[in-house]
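As provided, run04.cif (mmCIF, C-alpha atoms and all ligand atoms) reads as follows.
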data_start
#
loop_
_atom_site.group_PDB
_atom_site.id
_atom_site.type_symbol
_atom_site.label_atom_id
_atom_site.label_comp_id
_atom_site.auth_asym_id
_atom_site.auth_seq_id
_atom_site.Cartn_x
_atom_site.Cartn_y
_atom_site.Cartn_z
ATOM 1 C CA MET A 18 27.455 17.582 -6.621
ATOM 2 C CA ALA A 19 24.471 16.337 -8.656
ATOM 3 C CA LEU A 20 23.586 12.863 -9.876
ATOM 4 C CA THR A 21 21.959 11.184 -12.801
ATOM 5 C CA LEU A 22 20.505 8.029 -11.253
ATOM 6 C CA TRP A 23 19.417 5.109 -13.414
ATOM 7 C CA GLY A 24 16.762 3.079 -11.652
ATOM 8 C CA THR A 25 13.090 2.359 -11.210
ATOM 9 C CA PRO A 26 10.582 3.790 -8.724
ATOM 10 C CA THR A 27 10.100 0.324 -7.162
ATOM 11 C CA SER A 28 13.685 -0.957 -6.850
ATOM 12 C CA PRO A 29 14.666 -1.329 -3.185
ATOM 13 C CA TYR A 30 18.366 -0.843 -3.962
ATOM 14 C CA VAL A 31 17.689 2.330 -5.917
ATOM 15 C CA ARG A 32 15.482 3.567 -3.096
ATOM 16 C CA ARG A 33 18.430 3.324 -0.709
ATOM 17 C CA THR A 34 20.338 5.721 -2.951
ATOM 18 C CA ARG A 35 17.333 8.027 -3.302
ATOM 19 C CA VAL A 36 16.845 8.156 0.489
ATOM 20 C CA LEU A 37 20.537 8.795 1.082
ATOM 21 C CA ALA A 38 20.827 11.507 -1.578
ATOM 22 C CA THR A 39 17.725 13.181 -0.137
ATOM 23 C CA GLU A 40 19.149 13.084 3.379
ATOM 24 C CA LEU A 41 22.463 14.512 2.165
ATOM 25 C CA GLY A 42 20.815 17.197 0.058
ATOM 26 C CA VAL A 43 22.389 15.869 -3.137
ATOM 27 C CA PRO A 44 20.105 16.602 -6.105
ATOM 28 C CA PHE A 45 19.453 13.714 -8.468
ATOM 29 C CA THR A 46 17.514 13.051 -11.646
ATOM 30 C CA LEU A 47 15.959 9.596 -11.834
ATOM 31 C CA ARG A 48 16.258 8.031 -15.287
ATOM 32 C CA ASN A 49 13.536 5.392 -15.117
ATOM 33 C CA THR A 50 14.884 2.293 -16.814
ATOM 34 C CA ASN A 51 11.311 1.124 -17.425
ATOM 35 C CA ASP A 52 10.797 4.063 -19.796
ATOM 36 C CA PRO A 53 11.397 3.506 -23.507
ATOM 37 C CA GLY A 54 15.080 3.723 -24.437
ATOM 38 C CA VAL A 55 16.371 4.285 -20.916
ATOM 39 C CA GLN A 56 17.459 0.661 -20.436
ATOM 40 C CA ASP A 57 19.743 1.239 -23.440
ATOM 41 C CA GLU A 58 21.326 4.197 -21.645
ATOM 42 C CA LEU A 59 21.994 1.958 -18.638
ATOM 43 C CA VAL A 60 23.489 -0.793 -20.765
ATOM 44 C CA ALA A 61 25.759 1.771 -22.437
ATOM 45 C CA VAL A 62 27.282 2.962 -19.135
ATOM 46 C CA CYS A 63 27.075 -0.051 -16.795
ATOM 47 C CA PRO A 64 28.502 -3.487 -17.621
ATOM 48 C CA THR A 65 26.373 -5.241 -14.981
ATOM 49 C CA TRP A 66 23.103 -3.697 -16.278
ATOM 50 C CA LYS A 67 22.105 -3.254 -12.645
ATOM 51 C CA ILE A 68 20.458 -0.409 -10.837
ATOM 52 C CA PRO A 69 21.332 1.817 -9.086
ATOM 53 C CA THR A 70 23.933 3.204 -11.460
ATOM 54 C CA VAL A 71 24.875 6.871 -11.156
ATOM 55 C CA ARG A 72 26.754 9.487 -13.127
ATOM 56 C CA PHE A 73 28.216 12.364 -11.166
ATOM 57 C CA ASP A 74 28.340 15.799 -12.718
ATOM 58 C CA ASP A 75 32.092 15.362 -13.281
ATOM 59 C CA GLY A 76 31.248 12.456 -15.615
ATOM 60 C CA ARG A 77 32.262 9.639 -13.252
ATOM 61 C CA VAL A 78 29.963 6.595 -13.499
ATOM 62 C CA LEU A 79 29.542 4.210 -10.550
ATOM 63 C CA TRP A 80 27.367 1.171 -10.001
ATOM 64 C CA ASP A 81 26.543 -0.920 -6.942
ATOM 65 C CA SER A 82 24.777 0.812 -4.079
ATOM 66 C CA ALA A 83 27.520 0.168 -1.507
ATOM 67 C CA ILE A 84 30.168 1.798 -3.705
ATOM 68 C CA ILE A 85 27.899 4.703 -4.643
ATOM 69 C CA HIS A 86 27.070 5.265 -0.969
ATOM 70 C CA ASP A 87 30.739 5.205 0.078
ATOM 71 C CA VAL A 88 31.312 8.143 -2.256
ATOM 72 C CA LEU A 89 28.184 10.006 -1.165
ATOM 73 C CA VAL A 90 28.841 9.774 2.574
ATOM 74 C CA ALA A 91 32.406 10.955 2.044
ATOM 75 C CA GLY A 92 30.871 14.317 1.047
ATOM 76 C CA PRO A 93 29.229 16.438 3.781
ATOM 77 C CA PRO A 94 30.825 15.146 6.996
ATOM 78 C CA GLY A 95 28.795 13.785 9.877
ATOM 79 C CA VAL A 96 25.308 13.773 8.352
ATOM 80 C CA ILE A 97 25.274 10.046 7.676
ATOM 81 C CA PRO A 98 28.406 8.294 8.893
ATOM 82 C CA ALA A 99 30.546 5.896 6.854
ATOM 83 C CA LEU A 100 29.931 2.306 7.909
ATOM 84 C CA ASP A 101 32.277 0.266 10.047
ATOM 85 C CA LEU A 102 32.901 -3.424 9.426
ATOM 86 C CA ASP A 103 29.914 -4.529 11.536
ATOM 87 C CA GLY A 104 27.610 -2.211 9.617
ATOM 88 C CA ARG A 105 28.900 -3.658 6.348
ATOM 89 C CA LEU A 106 28.245 -7.164 7.611
ATOM 90 C CA ARG A 107 24.684 -6.157 8.466
ATOM 91 C CA ILE A 108 24.185 -4.767 4.970
ATOM 92 C CA ALA A 109 25.669 -7.949 3.480
ATOM 93 C CA ALA A 110 23.121 -10.009 5.424
ATOM 94 C CA ILE A 111 20.244 -7.752 4.364
ATOM 95 C CA ASP A 112 21.464 -7.946 0.736
ATOM 96 C CA ALA A 113 21.641 -11.751 0.856
ATOM 97 C CA GLY A 114 17.994 -11.892 1.900
ATOM 98 C CA LEU A 115 16.947 -9.206 -0.553
ATOM 99 C CA ASP A 116 18.824 -10.680 -3.532
ATOM 100 C CA ALA A 117 17.235 -14.082 -2.919
ATOM 101 C CA ALA A 118 13.790 -12.501 -2.571
ATOM 102 C CA ILE A 119 14.181 -10.433 -5.760
ATOM 103 C CA ALA A 120 15.284 -13.499 -7.725
ATOM 104 C CA LEU A 121 12.328 -15.539 -6.428
ATOM 105 C CA PHE A 122 9.924 -12.675 -7.168
ATOM 106 C CA TYR A 123 10.980 -12.529 -10.811
ATOM 107 C CA MET A 124 10.987 -16.301 -11.189
ATOM 108 C CA LYS A 125 7.512 -16.565 -9.701
ATOM 109 C CA ARG A 126 6.339 -13.919 -12.162
ATOM 110 C CA ASP A 127 7.787 -16.040 -14.969
ATOM 111 C CA ALA A 128 5.969 -19.127 -13.588
ATOM 112 C CA VAL A 129 9.195 -20.954 -12.666
ATOM 113 C CA ASP A 130 8.781 -23.995 -10.388
ATOM 114 C CA LEU A 131 10.014 -22.676 -7.021
ATOM 115 C CA GLY A 132 10.008 -26.188 -5.520
ATOM 116 C CA VAL A 133 13.394 -27.219 -6.938
ATOM 117 C CA PRO A 134 16.086 -27.638 -4.243
ATOM 118 C CA TYR A 135 18.180 -24.602 -5.176
ATOM 119 C CA LEU A 136 15.175 -22.285 -4.999
ATOM 120 C CA VAL A 137 13.949 -23.863 -1.755
ATOM 121 C CA LYS A 138 17.404 -23.033 -0.405
ATOM 122 C CA GLN A 139 17.048 -19.434 -1.591
ATOM 123 C CA ARG A 140 13.811 -19.171 0.355
ATOM 124 C CA ALA A 141 15.504 -20.605 3.448
ATOM 125 C CA ARG A 142 18.356 -18.133 2.958
ATOM 126 C CA ILE A 143 15.934 -15.214 3.261
ATOM 127 C CA ASP A 144 14.665 -16.651 6.561
ATOM 128 C CA ALA A 145 18.195 -17.253 7.881
ATOM 129 C CA ALA A 146 19.515 -13.840 6.903
ATOM 130 C CA MET A 147 16.475 -11.990 8.203
ATOM 131 C CA THR A 148 16.474 -13.938 11.476
ATOM 132 C CA TRP A 149 20.028 -12.762 12.099
ATOM 133 C CA VAL A 150 19.126 -9.220 11.029
ATOM 134 C CA THR A 151 16.138 -9.257 13.413
ATOM 135 C CA ASP A 152 18.490 -10.259 16.195
ATOM 136 C CA GLN A 153 20.681 -7.264 15.403
ATOM 137 C CA VAL A 154 17.632 -5.038 15.764
ATOM 138 C CA GLU A 155 16.641 -6.660 19.046
ATOM 139 C CA VAL A 156 20.059 -6.117 20.614
ATOM 140 C CA GLY A 157 19.980 -2.464 19.534
ATOM 141 C CA ARG A 158 22.708 -2.550 16.872
ATOM 142 C CA LEU A 159 20.420 -1.776 13.954
ATOM 143 C CA GLY A 160 17.429 0.430 13.301
ATOM 144 C CA GLN A 161 18.038 2.959 16.071
ATOM 145 C CA ALA A 162 19.920 5.627 14.131
ATOM 146 C CA LEU A 163 19.685 6.846 10.555
ATOM 147 C CA THR A 164 22.665 4.897 9.246
ATOM 148 C CA LEU A 165 23.255 3.187 5.907
ATOM 149 C CA ASP A 166 22.331 -0.206 7.353
ATOM 150 C CA THR A 167 19.088 1.182 8.799
ATOM 151 C CA ILE A 168 18.238 2.713 5.398
ATOM 152 C CA ALA A 169 18.980 -0.652 3.765
ATOM 153 C CA LEU A 170 16.751 -2.464 6.254
ATOM 154 C CA VAL A 171 13.752 -0.135 6.060
ATOM 155 C CA THR A 172 13.755 -0.043 2.251
ATOM 156 C CA THR A 173 14.132 -3.838 2.122
ATOM 157 C CA LEU A 174 11.275 -4.460 4.552
ATOM 158 C CA GLU A 175 9.007 -2.080 2.676
ATOM 159 C CA TRP A 176 9.862 -3.844 -0.589
ATOM 160 C CA PHE A 177 9.109 -7.237 1.025
ATOM 161 C CA LYS A 178 5.687 -5.844 1.932
ATOM 162 C CA LEU A 179 5.103 -4.206 -1.454
ATOM 163 C CA ARG A 180 5.790 -7.463 -3.296
ATOM 164 C CA SER A 181 4.513 -9.846 -0.593
ATOM 165 C CA ALA A 182 7.972 -11.367 -0.916
ATOM 166 C CA TRP A 183 8.624 -12.220 2.732
ATOM 167 C CA PRO A 184 6.390 -11.841 5.808
ATOM 168 C CA VAL A 185 7.415 -8.830 7.875
ATOM 169 C CA GLN A 186 5.806 -10.011 11.115
ATOM 170 C CA HIS A 187 8.374 -9.747 13.870
ATOM 171 C CA ALA A 188 7.591 -6.904 16.275
ATOM 172 C CA ALA A 189 11.193 -5.684 16.163
ATOM 173 C CA LEU A 190 11.073 -5.303 12.379
ATOM 174 C CA ILE A 191 7.647 -3.699 12.428
ATOM 175 C CA GLY A 192 9.009 -1.288 15.029
ATOM 176 C CA VAL A 193 11.889 -0.231 12.769
ATOM 177 C CA VAL A 194 9.557 0.406 9.838
ATOM 178 C CA ASP A 195 7.192 2.393 12.083
ATOM 179 C CA ARG A 196 10.059 4.431 13.442
ATOM 180 C CA TRP A 197 11.468 5.570 10.098
ATOM 181 C CA SER A 198 8.826 5.222 7.405
ATOM 182 C CA GLY A 199 7.237 8.614 8.102
ATOM 183 C CA ARG A 200 10.489 10.491 7.565
ATOM 184 C CA PRO A 201 10.293 12.730 4.454
ATOM 185 C CA SER A 202 13.151 10.951 2.661
ATOM 186 C CA PHE A 203 11.271 7.654 2.972
ATOM 187 C CA VAL A 204 7.851 9.129 2.246
ATOM 188 C CA GLY A 205 9.165 10.903 -0.866
ATOM 189 C CA THR A 206 10.776 7.760 -2.279
ATOM 190 C CA ARG A 207 8.075 5.185 -1.488
ATOM 191 C CA ALA A 208 7.134 2.990 -4.430
ATOM 192 C CA PRO A 209 3.766 3.732 -5.925
ATOM 193 C CA GLY A 210 1.096 1.105 -5.300
HETATM 194 N N1 LIG A 301 24.532 -5.332 -5.379
HETATM 195 C C1 LIG A 301 23.727 -4.434 -6.181
HETATM 196 C C2 LIG A 301 22.359 -5.040 -6.399
HETATM 197 C C3 LIG A 301 21.488 -4.190 -7.302
HETATM 198 C C4 LIG A 301 20.337 -4.988 -7.899
HETATM 199 O O1 LIG A 301 20.300 -6.221 -7.812
HETATM 200 N N2 LIG A 301 19.404 -4.258 -8.499
HETATM 201 C C5 LIG A 301 18.322 -4.930 -9.190
HETATM 202 C C6 LIG A 301 17.037 -4.139 -9.116
HETATM 203 S S1 LIG A 301 16.426 -4.004 -7.468
HETATM 204 C C7 LIG A 301 18.690 -5.064 -10.649
HETATM 205 O O2 LIG A 301 19.286 -4.183 -11.211
HETATM 206 N N3 LIG A 301 18.364 -6.208 -11.271
HETATM 207 C C8 LIG A 301 18.635 -6.375 -12.648
HETATM 208 C C9 LIG A 301 17.855 -7.485 -13.233
HETATM 209 O O3 LIG A 301 17.127 -8.142 -12.493
HETATM 210 O O4 LIG A 301 17.983 -7.708 -14.433
HETATM 211 C C10 LIG A 301 23.653 -3.089 -5.489
HETATM 212 O O5 LIG A 301 23.822 -3.033 -4.260
HETATM 213 O O6 LIG A 301 23.475 -2.073 -6.169
#
What would the structure in this file look like if it were written as structure tokens?
Amino acid sequence: MALTLWGTPTSPYVRRTRVLATELGVPFTLRNTNDPGVQDELVAVCPTWKIPTVRFDDGRVLWDSAIIHDVLVAGPPGVIPALDLDGRLRIAAIDAGLDAAIALFYMKRDAVDLGVPYLVKQRARIDAAMTWVTDQVEVGRLGQALTLDTIALVTTLEWFKLRSAWPVQHAALIGVVDRWSGRPSFVGTRAPG
């Protein structure tokens, strides 16, 4: 199995896929959608225009990290387990915080007024989601083992730091980043800058 992976070196969702593929020993070629013409390739294969999008060597194209990861973990058994319902809920909470933070990051860059009620709510959503996620770490359900939800959390927290998008201050969250960020799959996929 080999992958063509459309994405950018800074995208936290794409980094999840890069970490997972590295851990599973699945070779991939990153097609950087910031490079000239590559966004057109993405648009031609993916109706959502979102990254990560992958093409397997059998020609199959998939988008959305959760779906891509379902297929990847179904490969070599036992290395990274498929997620149970609770793990999926944890990823959904992490995604809710991350999606809100990404949207606010781009709007801030475009000088949008972030004080309007809907965007204030998005900011509060990050806090709410991450408070619950922090709780999951504190009770030992998240961040202890190299699972898909731990990969999602570490890559999200590092993106929050990279973009100063949300303060990663809680000791439990700092502990998770410290525990995993030196692993080669994380080191080798860290965003430049
Ligand atoms: N639910 C998607 C989210 C992917 C996503 O939002 N990716 C961002 C980059 S980090 C993106 O493609 N954004 C497109 C845009 O902002 O136009 C997944 O899990 O793959």
Q.
Translate the PyMOL selection byres (((not hetatm)) within 6 of (chain A and resi 301)) into a concrete residue list for this structure, as a count of residues only.
A. 9
So which residues touch segment 36-40 of chain A within 12 Å, counting all atoms listed in the file, skipping near sequence neighbours fewer than 6 positions away, as a PDB file with C-alpha atoms, in the frame of the given file?
ATOM      1  CA  MET A  18      27.455  17.582  -6.621  1.00  0.00           C
ATOM      2  CA  ALA A  19      24.471  16.337  -8.656  1.00  0.00           C
ATOM      3  CA  LEU A  20      23.586  12.863  -9.876  1.00  0.00           C
ATOM      4  CA  THR A  21      21.959  11.184 -12.801  1.00  0.00           C
ATOM      5  CA  LEU A  22      20.505   8.029 -11.253  1.00  0.00           C
ATOM      6  CA  PRO A  26      10.582   3.790  -8.724  1.00  0.00           C
ATOM      7  CA  PRO A  29      14.666  -1.329  -3.185  1.00  0.00           C
ATOM      8  CA  TYR A  30      18.366  -0.843  -3.962  1.00  0.00           C
ATOM      9  CA  THR A  46      17.514  13.051 -11.646  1.00  0.00           C
ATOM     10  CA  LEU A  47      15.959   9.596 -11.834  1.00  0.00           C
ATOM     11  CA  VAL A  71      24.875   6.871 -11.156  1.00  0.00           C
ATOM     12  CA  SER A  82      24.777   0.812  -4.079  1.00  0.00           C
ATOM     13  CA  ALA A  83      27.520   0.168  -1.507  1.00  0.00           C
ATOM     14  CA  ILE A  85      27.899   4.703  -4.643  1.00  0.00           C
ATOM     15  CA  HIS A  86      27.070   5.265  -0.969  1.00  0.00           C
ATOM     16  CA  ASP A  87      30.739   5.205   0.078  1.00  0.00           C
ATOM     17  CA  VAL A  88      31.312   8.143  -2.256  1.00  0.00           C
ATOM     18  CA  LEU A  89      28.184  10.006  -1.165  1.00  0.00           C
ATOM     19  CA  VAL A  90      28.841   9.774   2.574  1.00  0.00           C
ATOM     20  CA  GLY A  92      30.871  14.317   1.047  1.00  0.00           C
ATOM     21  CA  PRO A  93      29.229  16.438   3.781  1.00  0.00           C
ATOM     22  CA  GLY A  95      28.795  13.785   9.877  1.00  0.00           C
ATOM     23  CA  VAL A  96      25.308  13.773   8.352  1.00  0.00           C
ATOM     24  CA  ILE A  97      25.274  10.046   7.676  1.00  0.00           C
ATOM     25  CA  PRO A  98      28.406   8.294   8.893  1.00  0.00           C
ATOM     26  CA  ALA A  99      30.546   5.896   6.854  1.00  0.00           C
ATOM     27  CA  LEU A 163      19.685   6.846  10.555  1.00  0.00           C
ATOM     28  CA  THR A 164      22.665   4.897   9.246  1.00  0.00           C
ATOM     29  CA  LEU A 165      23.255   3.187   5.907  1.00  0.00           C
ATOM     30  CA  ASP A 166      22.331  -0.206   7.353  1.00  0.00           C
ATOM     31  CA  THR A 167      19.088   1.182   8.799  1.00  0.00           C
ATOM     32  CA  ILE A 168      18.238   2.713   5.398  1.00  0.00           C
ATOM     33  CA  ALA A 169      18.980  -0.652   3.765  1.00  0.00           C
ATOM     34  CA  VAL A 171      13.752  -0.135   6.060  1.00  0.00           C
ATOM     35  CA  THR A 172      13.755  -0.043   2.251  1.00  0.00           C
ATOM     36  CA  TRP A 197      11.468   5.570  10.098  1.00  0.00           C
ATOM     37  CA  SER A 198       8.826   5.222   7.405  1.00  0.00           C
ATOM     38  CA  ARG A 200      10.489  10.491   7.565  1.00  0.00           C
ATOM     39  CA  PRO A 201      10.293  12.730   4.454  1.00  0.00           C
ATOM     40  CA  SER A 202      13.151  10.951   2.661  1.00  0.00           C
ATOM     41  CA  PHE A 203      11.271   7.654   2.972  1.00  0.00           C
ATOM     42  CA  VAL A 204       7.851   9.129   2.246  1.00  0.00           C
ATOM     43  CA  GLY A 205       9.165  10.903  -0.866  1.00  0.00           C
ATOM     44  CA  THR A 206      10.776   7.760  -2.279  1.00  0.00           C
ATOM     45  CA  ARG A 207       8.075   5.185  -1.488  1.00  0.00           C
TER      46      ARG A 207
END
(Q) Taking 5 positions as the minimum chain separation for residues in the same chain, which residues sit within 8 Å of segment 113-125 of chain A when counting all atoms listed in the file? Answer as a ChimeraX atom specification. (A) /A:130-131,136,139-140,142-144,146-147,173,177,180,182-183
Q) atom CA of Val185 of chain A and atom CA of Ala145 of chain A, how far apart in Å? A)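 These atoms are spaced 13.7 Å apart.
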Evaluate the PyMOL selection byres (((chain A and resi 107) around 10) and not hetatm) and record the selected residues as a PDB file with C-alpha atoms, in the coordinates of the input, following the chain and residue labels used in the document.
ATOM      1  CA  LEU A 100      29.931   2.306   7.909  1.00  0.00           C
ATOM      2  CA  LEU A 102      32.901  -3.424   9.426  1.00  0.00           C
ATOM      3  CA  ASP A 103      29.914  -4.529  11.536  1.00  0.00           C
ATOM      4  CA  GLY A 104      27.610  -2.211   9.617  1.00  0.00           C
ATOM      5  CA  ARG A 105      28.900  -3.658   6.348  1.00  0.00           C
ATOM      6  CA  LEU A 106      28.245  -7.164   7.611  1.00  0.00           C
ATOM      7  CA  ILE A 108      24.185  -4.767   4.970  1.00  0.00           C
ATOM      8  CA  ALA A 109      25.669  -7.949   3.480  1.00  0.00           C
ATOM      9  CA  ALA A 110      23.121 -10.009   5.424  1.00  0.00           C
ATOM     10  CA  ILE A 111      20.244  -7.752   4.364  1.00  0.00           C
ATOM     11  CA  ASP A 112      21.464  -7.946   0.736  1.00  0.00           C
ATOM     12  CA  ALA A 113      21.641 -11.751   0.856  1.00  0.00           C
ATOM     13  CA  ALA A 146      19.515 -13.840   6.903  1.00  0.00           C
ATOM     14  CA  TRP A 149      20.028 -12.762  12.099  1.00  0.00           C
ATOM     15  CA  VAL A 150      19.126  -9.220  11.029  1.00  0.00           C
ATOM     16  CA  GLN A 153      20.681  -7.264  15.403  1.00  0.00           C
ATOM     17  CA  ARG A 158      22.708  -2.550  16.872  1.00  0.00           C
ATOM     18  CA  LEU A 159      20.420  -1.776  13.954  1.00  0.00           C
ATOM     19  CA  LEU A 165      23.255   3.187   5.907  1.00  0.00           C
ATOM     20  CA  ASP A 166      22.331  -0.206   7.353  1.00  0.00           C
ATOM     21  CA  THR A 167      19.088   1.182   8.799  1.00  0.00           C
ATOM     22  CA  ALA A 169      18.980  -0.652   3.765  1.00  0.00           C
ATOM     23  CA  LEU A 170      16.751  -2.464   6.254  1.00  0.00           C
TER      24      LEU A 170
END
List the residues selected by the PyMOL selection byres (((chain A and resi 192) around 12) and not hetatm) in the file shown, writing them as a compact mmCIF listing (two decimals) with C-alpha atoms, in the frame of the given file.
# COMPACT_ATOMS: atom_id res chain seq x y z
CA THR A 151 16.14 -9.26 13.41
CA VAL A 154 17.63 -5.04 15.76
CA GLU A 155 16.64 -6.66 19.05
CA GLY A 157 19.98 -2.46 19.53
CA LEU A 159 20.42 -1.78 13.95
CA GLY A 160 17.43 0.43 13.30
CA GLN A 161 18.04 2.96 16.07
CA LEU A 170 16.75 -2.46 6.25
CA VAL A 171 13.75 -0.14 6.06
CA LEU A 174 11.28 -4.46 4.55
CA VAL A 185 7.42 -8.83 7.88
CA GLN A 186 5.81 -10.01 11.12
CA HIS A 187 8.37 -9.75 13.87
CA ALA A 188 7.59 -6.90 16.27
CA ALA A 189 11.19 -5.68 16.16
CA LEU A 190 11.07 -5.30 12.38
CA ILE A 191 7.65 -3.70 12.43
CA VAL A 193 11.89 -0.23 12.77
CA VAL A 194 9.56 0.41 9.84
CA ASP A 195 7.19 2.39 12.08
CA ARG A 196 10.06 4.43 13.44
CA TRP A 197 11.47 5.57 10.10
CA SER A 198 8.83 5.22 7.40
**Q.** Gap from atom CA of Trp80 of chain A to atom CA of Leu41 of chain A - Å, one decimal
**A.** 18.7 Å
Q | Separation of atom CA of Ala208 of chain A from atom CA of Pro44 of chain A in Å | A |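 Answer for the atom CA of Pro44 of chain A to atom CA of Ala208 of chain A separation: 18.9 Å.
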Box time for segment 68-76 of chain A: axis-aligned, enclosing all its listed atoms, 6 Å extra on each side; report centre and edge lengths in Å to one decimal, as AutoDock Vina command-line options.
--center_x 26.3 --center_y 7.7 --center_z -12.4 --size_x 23.6 --size_y 28.2 --size_z 18.5
Q: Find, counting all atoms listed in the file, the residue in A:Pro64, A:Val31, A:Trp23, A:Asp152 that gets nearest to Asn49 of chain A.
A: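 Looking at the shortest contact to Asn49 of chain A, the residue is A:Trp23.
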Q. Leaving out Leu59 of chain A and any residue of its chain fewer than 3 positions from it, which residues lie within 8 Å of it when counting all atoms listed in the file, given as number ranges by chain?
A. A: 23, 50, 55-56, 62-63, 66-67, 70
